[in-house]
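Okay, structure first, notes after.
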Amino acid sequence: MTNQETPLVGEALIKEVCRRIRVARSYWDAHNNAACRGERERALALYNKLTKEEKEQIPQVLRVWLRYRSEKYFGAHRTPPKSQRKAKYKKSV
């Protein structure tokens, strides 16, 4: 795993963004939306740290998936995911 103490910069940051986008896409292909959402958010947070020149080094297909296609399904306008736990009993007051 990566060392969380040292922030990623330059080429290492670009590689990590690409890796996270690919992981999110693999979760998307496996219909694992919760995991995909988490990886996409991490990738987007790292992507937003990149400069304009560094963003151009990300392959276009990955940028398109991250910024546009996945926004359609995971954007703020969508209903947020519900909790995995369901209440078995209702509390009576």
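Order determines the names: the first chain of the structure tokens is A, the second B, and so forth; residues in each chain are numbered 1 upward, and ligands are numbered 1 upward as they are shown.
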So that I can check the surroundings of range 36-40 of chain A, please list as a list in words every protein, DNA and RNA residue that reaches within 8 Å of it, counting only C-alpha atoms and ignoring chain neighbours fewer than 3 positions away. Arg20, Ile21, Val23, Ala24, Arg25, Ser26, Tyr27, Trp28, Asn32, Asn33, Ala43, Leu44, Leu66 and Phe74 of chain A
Put those residues in a file: all heavy atoms, as a compact mmCIF listing (two decimals), in the first residue's frame.
# COMPACT_ATOMS: atom_id res chain seq x y z
N ARG A 20 -6.89 4.41 -9.81
CA ARG A 20 -8.18 4.50 -9.13
C ARG A 20 -9.34 4.56 -10.11
O ARG A 20 -10.39 3.96 -9.86
CB ARG A 20 -8.21 5.69 -8.20
CG ARG A 20 -7.28 5.51 -7.01
CD ARG A 20 -7.85 6.18 -5.79
NE ARG A 20 -6.97 6.00 -4.66
CZ ARG A 20 -7.26 5.19 -3.65
NH1 ARG A 20 -8.37 4.50 -3.65
NH2 ARG A 20 -6.44 5.09 -2.63
N ILE A 21 -9.16 5.25 -11.23
CA ILE A 21 -10.22 5.29 -12.24
C ILE A 21 -10.44 3.90 -12.82
O ILE A 21 -11.58 3.46 -13.00
CB ILE A 21 -9.90 6.30 -13.36
CG1 ILE A 21 -9.85 7.73 -12.79
CG2 ILE A 21 -10.94 6.24 -14.47
CD1 ILE A 21 -9.31 8.77 -13.76
N VAL A 23 -9.84 1.04 -11.36
CA VAL A 23 -10.49 0.22 -10.33
C VAL A 23 -11.98 0.54 -10.28
O VAL A 23 -12.83 -0.36 -10.22
CB VAL A 23 -9.82 0.44 -8.95
CG1 VAL A 23 -10.64 -0.17 -7.84
CG2 VAL A 23 -8.42 -0.14 -8.95
N ALA A 24 -12.32 1.83 -10.32
CA ALA A 24 -13.73 2.23 -10.29
C ALA A 24 -14.47 1.67 -11.50
O ALA A 24 -15.60 1.19 -11.38
CB ALA A 24 -13.84 3.75 -10.25
N ARG A 25 -13.83 1.71 -12.66
CA ARG A 25 -14.46 1.16 -13.87
C ARG A 25 -14.66 -0.34 -13.75
O ARG A 25 -15.68 -0.87 -14.22
CB ARG A 25 -13.63 1.48 -15.10
CG ARG A 25 -13.73 2.93 -15.51
CD ARG A 25 -12.84 3.26 -16.68
NE ARG A 25 -13.16 2.43 -17.82
CZ ARG A 25 -12.39 2.31 -18.90
NH1 ARG A 25 -11.25 2.97 -18.96
NH2 ARG A 25 -12.75 1.56 -19.90
N SER A 26 -13.72 -1.05 -13.13
CA SER A 26 -13.88 -2.49 -12.97
C SER A 26 -15.04 -2.80 -12.01
O SER A 26 -15.79 -3.74 -12.22
CB SER A 26 -12.59 -3.15 -12.49
OG SER A 26 -12.30 -2.78 -11.17
N TYR A 27 -15.18 -1.99 -10.95
CA TYR A 27 -16.33 -2.16 -10.06
C TYR A 27 -17.62 -1.86 -10.80
O TYR A 27 -18.64 -2.51 -10.59
CB TYR A 27 -16.22 -1.24 -8.84
CG TYR A 27 -15.22 -1.69 -7.80
CD1 TYR A 27 -14.43 -0.76 -7.14
CD2 TYR A 27 -15.09 -3.02 -7.45
CE1 TYR A 27 -13.52 -1.16 -6.17
CE2 TYR A 27 -14.18 -3.43 -6.50
CZ TYR A 27 -13.41 -2.49 -5.86
OH TYR A 27 -12.51 -2.89 -4.90
N TRP A 28 -17.60 -0.86 -11.66
CA TRP A 28 -18.78 -0.49 -12.45
C TRP A 28 -19.18 -1.65 -13.36
O TRP A 28 -20.36 -2.00 -13.44
CB TRP A 28 -18.47 0.77 -13.27
CG TRP A 28 -19.53 1.15 -14.23
CD1 TRP A 28 -19.54 0.91 -15.57
CD2 TRP A 28 -20.76 1.82 -13.94
NE1 TRP A 28 -20.69 1.41 -16.13
CE2 TRP A 28 -21.46 1.98 -15.14
CE3 TRP A 28 -21.32 2.32 -12.77
CZ2 TRP A 28 -22.68 2.60 -15.22
CZ3 TRP A 28 -22.55 2.94 -12.85
CH2 TRP A 28 -23.21 3.08 -14.06
N ASN A 32 -20.96 -3.35 -9.03
CA ASN A 32 -20.76 -3.11 -7.60
C ASN A 32 -20.77 -1.58 -7.39
O ASN A 32 -19.73 -0.94 -7.29
CB ASN A 32 -19.43 -3.73 -7.15
CG ASN A 32 -19.27 -3.70 -5.66
OD1 ASN A 32 -20.00 -3.00 -4.96
ND2 ASN A 32 -18.30 -4.45 -5.17
N ASN A 33 -21.97 -1.01 -7.34
CA ASN A 33 -22.10 0.44 -7.35
C ASN A 33 -21.55 1.12 -6.11
O ASN A 33 -20.99 2.21 -6.20
CB ASN A 33 -23.57 0.83 -7.54
CG ASN A 33 -24.04 0.54 -8.93
OD1 ASN A 33 -23.25 0.32 -9.84
ND2 ASN A 33 -25.35 0.52 -9.12
N ALA A 43 -10.79 8.93 -6.67
CA ALA A 43 -10.10 9.30 -7.91
C ALA A 43 -10.37 10.76 -8.26
O ALA A 43 -9.47 11.49 -8.67
CB ALA A 43 -10.56 8.39 -9.05
N LEU A 44 -11.61 11.19 -8.08
CA LEU A 44 -11.97 12.58 -8.39
C LEU A 44 -11.26 13.56 -7.46
O LEU A 44 -10.80 14.62 -7.89
CB LEU A 44 -13.48 12.75 -8.30
CG LEU A 44 -14.09 13.97 -8.95
CD1 LEU A 44 -13.67 14.09 -10.41
CD2 LEU A 44 -15.59 13.92 -8.84
N LEU A 66 -14.49 9.44 -15.94
CA LEU A 66 -14.50 10.06 -14.62
C LEU A 66 -15.36 11.32 -14.59
O LEU A 66 -16.17 11.51 -13.69
CB LEU A 66 -13.08 10.40 -14.18
CG LEU A 66 -12.94 11.06 -12.81
CD1 LEU A 66 -13.36 10.08 -11.72
CD2 LEU A 66 -11.52 11.54 -12.59
N PHE A 74 -23.59 8.99 -10.88
CA PHE A 74 -23.20 9.24 -9.50
C PHE A 74 -23.23 10.70 -9.12
O PHE A 74 -22.75 11.08 -8.07
CB PHE A 74 -21.80 8.68 -9.23
CG PHE A 74 -21.73 7.19 -9.37
CD1 PHE A 74 -20.94 6.63 -10.36
CD2 PHE A 74 -22.45 6.36 -8.55
CE1 PHE A 74 -20.87 5.26 -10.50
CE2 PHE A 74 -22.38 5.00 -8.69
CZ PHE A 74 -21.59 4.44 -9.67
Would you compute the distance between CA of Lys55 in chain A and CA of Ala35 in chain A? Give it in Å to one decimal.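 If I compute the distance from CA of Lys55 in chain A to CA of Ala35 in chain A, I get 23.9 Å.
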How many Å separate CA of Glu56 in chain A from CA of Ala34 in chain A?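 Computed distance, CA of Glu56 in chain A to CA of Ala34 in chain A, equals 28.2 Å.
Every protein, DNA or RNA residue with an atom at most 10 Å from Leu46 in chain A, where only C-alpha atoms count and chain neighbours fewer than 6 positions away do not, is listed here: A:Leu8, A:Leu13, A:Ile14, A:Glu16, A:Val17, A:Cys18, A:Arg20, A:Arg40.
Taking CA of Pro7 in chain A as the reference point, CA of Gln60 in chain A is found at 24.5 Å.
Closest approach to Gly10 in chain A among A:Ala30, A:Val64, A:Leu50, A:Ile58: A:Leu50, based on only C-alpha atoms.
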